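Data block for entry25.cif (mmCIF, C-alpha atoms):
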data_data
#
loop_
_atom_site.label_atom_id
_atom_site.label_comp_id
_atom_site.auth_asym_id
_atom_site.auth_seq_id
_atom_site.Cartn_x
_atom_site.Cartn_y
_atom_site.Cartn_z
CA MET Y 1 0.00 0.00 0.00
CA SER Y 2 1.15 3.51 -0.54
CA VAL Y 3 2.04 5.39 2.60
CA MET Y 4 1.75 8.90 1.28
CA PRO Y 5 -0.01 11.57 3.35
CA GLY Y 6 -3.70 11.69 2.69
CA ARG Y 7 -4.08 7.97 1.98
CA VAL Y 8 -6.36 5.57 3.86
CA ALA Y 9 -5.76 1.86 4.50
CA LYS Y 10 -8.13 -0.90 5.56
CA THR Y 11 -6.04 -4.05 5.10
CA THR Y 12 -7.12 -7.53 6.15
CA ASN Y 13 -5.17 -6.97 9.38
CA PHE Y 14 -7.47 -4.09 10.31
CA GLN Y 15 -10.49 -6.22 9.38
CA LYS Y 16 -9.25 -8.99 11.71
CA LEU Y 17 -8.71 -6.41 14.45
CA ASP Y 18 -12.32 -5.22 14.06
CA THR Y 19 -13.67 -8.76 14.33
CA ALA Y 20 -11.54 -9.64 17.37
CA LEU Y 21 -12.29 -6.42 19.26
CA THR Y 22 -16.02 -6.57 18.61
CA ALA Y 23 -16.25 -10.25 19.59
CA ASP Y 24 -14.58 -9.76 22.98
CA LEU Y 25 -14.91 -6.08 23.92
CA LYS Y 26 -14.76 -6.48 27.72
CA ASN Y 27 -11.57 -8.53 27.69
CA TYR Y 28 -9.88 -6.22 25.18
CA MET Y 29 -10.90 -3.19 27.24
CA LYS Y 30 -9.29 -4.82 30.29
CA ASP Y 31 -6.15 -5.80 28.34
CA TYR Y 32 -5.67 -2.38 26.77
CA GLY Y 33 -6.40 -0.65 30.07
CA ASP Y 34 -3.92 -2.83 32.02
CA GLU Y 35 -0.69 -0.84 32.08
CA ALA Y 36 1.14 -3.81 33.67
CA ILE Y 37 1.02 -5.55 30.27
CA THR Y 38 3.36 -4.17 27.61
CA PHE Y 39 2.08 -3.49 24.11
CA SER Y 40 4.53 -6.14 22.88
CA GLN Y 41 2.84 -8.66 25.20
CA LEU Y 42 -0.55 -7.62 23.81
CA LEU Y 43 0.80 -8.25 20.31
CA GLY Y 44 1.98 -11.68 21.49
CA LYS Y 45 -1.56 -12.46 22.67
CA ALA Y 46 -2.92 -11.32 19.30
CA GLU Y 47 -0.43 -13.55 17.49
CA THR Y 48 -1.17 -16.57 19.70
CA SER Y 49 -4.91 -16.16 19.18
CA GLY Y 50 -4.51 -15.86 15.41
CA VAL Y 51 -5.59 -12.23 15.08
CA ILE Y 52 -2.21 -11.36 13.54
CA THR Y 53 0.62 -13.39 12.04
CA LYS Y 54 4.19 -13.53 13.29
CA GLN Y 55 5.20 -11.33 10.34
CA VAL Y 56 2.57 -8.70 11.15
CA ARG Y 57 3.65 -8.69 14.79
CA ALA Y 58 7.29 -8.16 13.73
CA HIS Y 59 6.21 -5.38 11.34
CA ILE Y 60 4.28 -3.56 14.08
CA GLU Y 61 7.11 -3.92 16.60
CA ASP Y 62 9.92 -3.03 14.19
CA HIS Y 63 8.27 -0.30 12.14
CA TRP Y 64 5.42 1.14 14.18
CA LEU Y 65 6.71 0.88 17.75
CA CYS Y 66 10.50 1.05 17.51
CA GLY Y 67 10.90 4.19 15.47
CA GLY Y 68 11.18 2.57 12.05
CA TYR Y 69 8.33 4.66 10.67
CA TRP Y 70 7.70 7.27 13.36
CA PRO Y 71 10.61 8.14 15.63
CA LEU Y 72 8.21 9.37 18.29
CA LYS Y 73 8.04 8.67 21.98
CA GLY Y 74 4.84 7.03 23.17
CA VAL Y 75 3.48 5.43 19.98
CA ALA Y 76 2.67 2.17 21.83
CA GLU Y 77 0.85 4.05 24.58
CA VAL Y 78 -1.14 6.13 22.07
CA LEU Y 79 -2.21 2.90 20.32
CA ARG Y 80 -3.02 1.19 23.64
CA ARG Y 81 -5.16 4.06 24.94
CA GLY Y 82 -6.86 4.56 21.59
CA LEU Y 83 -7.80 0.88 21.48
CA TYR Y 84 -8.92 1.07 25.12
CA TRP Y 85 -11.21 4.00 24.34
CA ALA Y 86 -12.62 2.29 21.25
CA THR Y 87 -13.68 -0.69 23.37
CA ARG Y 88 -14.90 1.51 26.23
CA LEU Y 89 -17.03 3.64 23.89
CA ALA Y 90 -18.45 0.48 22.30
CA LEU Y 91 -19.52 -0.85 25.71
CA TYR Y 92 -20.64 2.35 27.45
CA THR Y 93 -22.56 5.45 26.36
CA ASP Y 94 -20.05 8.32 26.13
CA GLY Y 95 -17.49 5.97 27.71
CA ASP Y 96 -19.26 6.32 31.10
CA GLU Y 97 -18.86 2.97 32.89
CA LYS Y 98 -22.08 3.69 34.81
CA SER Y 99 -24.01 3.74 31.53
CA ALA Y 100 -23.66 0.32 29.89
CA ARG Y 101 -25.10 -0.01 26.41
CA ALA Y 102 -27.94 -2.54 26.04
CA THR Y 103 -26.18 -3.81 22.92
CA PRO Y 104 -22.48 -3.04 22.51
CA LEU Y 105 -21.43 -1.28 19.33
CA LYS Y 106 -19.09 -2.88 16.82
CA VAL Y 107 -15.62 -1.40 16.29
CA VAL Y 108 -14.41 -0.53 12.79
CA SER Y 109 -10.84 0.66 12.27
CA CYS Y 110 -8.59 2.03 9.56
CA TRP Y 111 -5.23 3.75 9.16
CA ILE Y 112 -5.05 7.25 7.73
CA CYS Y 113 -1.63 8.56 6.75
CA SER Y 114 -2.69 12.12 7.51
CA GLY Y 115 0.71 13.76 7.54
CA GLY Y 116 -0.19 15.14 10.97
CA PRO Y 117 0.46 13.96 14.52
CA PHE Y 118 0.32 10.31 15.60
CA GLU Y 119 -3.09 9.91 17.23
CA VAL Y 120 -6.10 7.62 17.51
CA VAL Y 121 -9.49 9.22 16.85
CA ASN Y 122 -12.68 7.39 17.87
CA LEU Y 123 -15.99 8.45 16.29
CA VAL Y 124 -19.24 7.12 17.74
CA SER Y 125 -22.48 6.64 15.80
CA ALA Y 126 -25.65 4.76 16.69
CA ASP Y 127 -24.23 1.57 15.17
CA GLN Y 128 -20.46 1.58 15.63
CA VAL Y 129 -17.26 3.10 16.92
CA THR Y 130 -15.00 4.10 14.04
CA MET Y 131 -11.36 4.07 15.15
CA LEU Y 132 -9.02 6.11 12.94
CA ILE Y 133 -5.31 5.53 13.49
CA MET Y 134 -3.81 8.78 12.22
CA THR Y 135 -0.09 9.01 11.47
CA GLY Y 136 2.44 11.18 9.79
CA ALA Y 137 4.14 9.84 6.70
CA PRO Y 138 6.85 7.22 7.24
CA PRO Y 139 10.29 8.46 6.13
CA VAL Y 140 10.20 6.32 2.98
CA ALA Y 141 7.19 6.10 0.68
CA ASP Y 142 5.82 2.80 -0.65
CA LEU Y 143 7.44 0.67 2.05
CA ASP Y 144 4.98 -2.18 1.66
CA THR Y 145 3.87 -4.07 -1.42
CA PRO Y 146 0.12 -4.79 -1.32
CA GLN Y 147 -0.62 -8.27 0.01
CA GLY Y 148 -4.16 -8.69 -1.26
CA GLY Y 149 -6.88 -7.33 -3.47
CA GLU Y 150 -8.69 -4.06 -3.19
CA GLN Y 151 -9.48 -2.74 0.27
CA PRO Y 152 -13.08 -1.95 1.28
CA ILE Y 153 -12.43 1.76 0.73
CA TRP Y 154 -13.60 4.11 -2.00
CA VAL Y 155 -11.82 7.47 -2.16
CA THR Y 156 -13.07 10.36 -4.28
CA ARG Y 157 -10.70 13.27 -4.83
CA GLY Y 158 -10.13 16.04 -7.30
CA PHE Y 159 -8.99 14.68 -10.67
CA ASP Y 160 -5.77 16.70 -10.57
CA GLU Y 161 -4.71 14.86 -7.40
CA GLY Y 162 -3.99 11.74 -9.48
CA ARG Y 163 -3.59 8.27 -8.06
CA ASP Y 164 -0.65 6.17 -6.95
CA GLN Y 165 0.52 2.80 -8.24
CA TYR Y 166 -1.32 0.89 -5.51
CA GLU Y 167 -4.77 2.28 -6.26
CA THR Y 168 -7.31 1.08 -8.80
CA GLU Y 169 -9.29 3.79 -10.54
CA ILE Y 170 -13.01 3.02 -10.34
CA GLU Y 171 -14.29 6.05 -12.25
CA SER Y 172 -13.30 9.53 -13.26
CA THR Y 173 -15.03 12.67 -14.44
CA ASP Y 174 -13.55 15.92 -15.69
CA ASP Y 175 -13.25 17.07 -12.05
CA THR Y 176 -13.10 13.95 -9.83
CA ARG Y 177 -11.48 10.55 -9.56
CA THR Y 178 -12.69 7.62 -7.39
CA VAL Y 179 -10.11 4.99 -6.49
CA ARG Y 180 -9.72 1.91 -4.30
CA PRO Y 181 -6.42 1.19 -2.53
CA GLN Y 182 -4.96 -2.29 -2.89
CA GLY Y 183 -4.40 -4.38 0.25
#

Would you mind writing the file's structure down as structure tokens?
Amino acid sequence: MSVMPGRVAKTTNFQKLDTALTADLKNYMKDYGDEAITFSQLLGKAETSGVITKQVRAHIEDHWLCGGYWPLKGVAEVLRRGLYWATRLALYTDGDEKSARATPLKVVSCWICSGGPFEVVNLVSADQVTMLIMTGAPPVADLDTPQGGEQPIWVTRGFDEGRDQYETEIESTDDTRTVRPQG
């Protein structure tokens, strides 16, 4: 996938994360809220349970957490707390633990290479919590070759913005272009 600012990714790894979080919200909320467990240990649990592969775990640890992409302090803690709040908001109205939802919301996540600060944004609707993992651009573009087909994302932008090599053009008009990133 391209990792240029302004691009959105919803790879199969994010789809697996959504399924795992939604299926076991209370345990994930506890895990992500437990500061005694390192983020690396949480990744180990995800690998053992089949949510991620050994290669994905290594990629997250080497590139996301250890400064390979973002030489920032606290990336693991930002991810942990963002995941914690996604689960908490799915279980409780406005995240208030005194106000349990009758039916928990599902969690849907994606990565947005925004070019801005590293942060996790959680948006709540009547049906779901949308977790946006927002990052700056890694120091090198096009670090990863797509591993699958098209992602479940449709992006419409001005025609002059073009498209990158890892996007499939769905349609274009004189003024707009709609593309789908490859996984």

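Nearest residue to Phe118 of chain Y among Y:Gly95, Y:Pro152, Y:Gly162, Y:Pro71 is Y:Pro71, counting all atoms listed in the file.
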
Reference answer for the PyMOL selection byres ((chain Y and resi 128) around 8), as a compact mmCIF listing (two decimals) with C-alpha atoms, in the coordinates of the input:
# COMPACT_ATOMS: atom_id res chain seq x y z
CA ALA Y 90 -18.45 0.48 22.30
CA LEU Y 105 -21.43 -1.28 19.33
CA LYS Y 106 -19.09 -2.88 16.82
CA VAL Y 107 -15.62 -1.40 16.29
CA VAL Y 108 -14.41 -0.53 12.79
CA VAL Y 124 -19.24 7.12 17.74
CA SER Y 125 -22.48 6.64 15.80
CA ALA Y 126 -25.65 4.76 16.69
CA ASP Y 127 -24.23 1.57 15.17
CA VAL Y 129 -17.26 3.10 16.92
CA THR Y 130 -15.00 4.10 14.04

| remark: Using all atoms listed in the file, the residue out of Y:Val120, Y:Leu91, Y:Cys110, Y:Met131 with shortest distance to Asp24 of chain Y is Y:Leu91

| said: Between Y:Pro104, Y:Pro138, Y:Gly82, Y:Gly67, which residue has the minimum interatomic distance to Gly33 of chain Y, considering all atoms listed in the file? | reply: Y:Gly82

| remark: Using only C-alpha atoms, the shortest atom-to-atom distance to Thr19 of chain Y among Y:Tyr84, Y:Asp62, Y:Val51, Y:Glu171 belongs to Y:Val51

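On the file presented, the PyMOL selection byres ((chain Y and resi 117) around 12) picks out Pro5, Trp70, Pro71, Leu72, Lys73, Gly74, Val75, Val78, Ile112, Cys113, Ser114, Gly115, Gly116, Phe118, Glu119, Val120, Val121, Ile133, Met134, Thr135, Gly136, Ala137 and Pro138 of chain Y.
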
Could the residues in this selection be written to a file with C-alpha atoms, as a PDB file, in the frame of the given file?
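Result file selection.pdb:
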ATOM      1  CA  PRO Y   5      -0.010  11.570   3.350  1.00  0.00           C
ATOM      2  CA  TRP Y  70       7.700   7.270  13.360  1.00  0.00           C
ATOM      3  CA  PRO Y  71      10.610   8.140  15.630  1.00  0.00           C
ATOM      4  CA  LEU Y  72       8.210   9.370  18.290  1.00  0.00           C
ATOM      5  CA  LYS Y  73       8.040   8.670  21.980  1.00  0.00           C
ATOM      6  CA  GLY Y  74       4.840   7.030  23.170  1.00  0.00           C
ATOM      7  CA  VAL Y  75       3.480   5.430  19.980  1.00  0.00           C
ATOM      8  CA  VAL Y  78      -1.140   6.130  22.070  1.00  0.00           C
ATOM      9  CA  ILE Y 112      -5.050   7.250   7.730  1.00  0.00           C
ATOM     10  CA  CYS Y 113      -1.630   8.560   6.750  1.00  0.00           C
ATOM     11  CA  SER Y 114      -2.690  12.120   7.510  1.00  0.00           C
ATOM     12  CA  GLY Y 115       0.710  13.760   7.540  1.00  0.00           C
ATOM     13  CA  GLY Y 116      -0.190  15.140  10.970  1.00  0.00           C
ATOM     14  CA  PHE Y 118       0.320  10.310  15.600  1.00  0.00           C
ATOM     15  CA  GLU Y 119      -3.090   9.910  17.230  1.00  0.00           C
ATOM     16  CA  VAL Y 120      -6.100   7.620  17.510  1.00  0.00           C
ATOM     17  CA  VAL Y 121      -9.490   9.220  16.850  1.00  0.00           C
ATOM     18  CA  ILE Y 133      -5.310   5.530  13.490  1.00  0.00           C
ATOM     19  CA  MET Y 134      -3.810   8.780  12.220  1.00  0.00           C
ATOM     20  CA  THR Y 135      -0.090   9.010  11.470  1.00  0.00           C
ATOM     21  CA  GLY Y 136       2.440  11.180   9.790  1.00  0.00           C
ATOM     22  CA  ALA Y 137       4.140   9.840   6.700  1.00  0.00           C
ATOM     23  CA  PRO Y 138       6.850   7.220   7.240  1.00  0.00           C
TER      24      PRO Y 138
END

| field | Interatomic distance, atom CA of Arg7 of chain Y to atom CA of Thr168 of chain Y (Å, one decimal) | value | 13.2 Å

| Test item: the PyMOL selection byres ((chain Y and resi 44-49) around 12) resolved as a ChimeraX atom specification | /Y:13,16-17,20-21,27-28,31-32,37-43,50-58,60-61

Put the listed atoms of segment 89-97 of chain Y in a box along x, y and z with 8 Å added on every side and give me the centre and edge lengths in Å to one decimal, as lines of an AutoDock Vina configuration file.
center_x = -19.8
center_y = 3.7
center_z = 27.6
size_x = 21.5
size_y = 25.2
size_z = 26.6

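If all atoms listed in the file are the atoms counted, then among Y:Gly68, Y:Glu169, Y:Arg88, Y:Thr11 the closest residue to Leu25 of chain Y is Y:Arg88.
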
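Rounded to one decimal, atom CA of Arg180 of chain Y and atom CA of Ala23 of chain Y lie 27.6 Å from each other.
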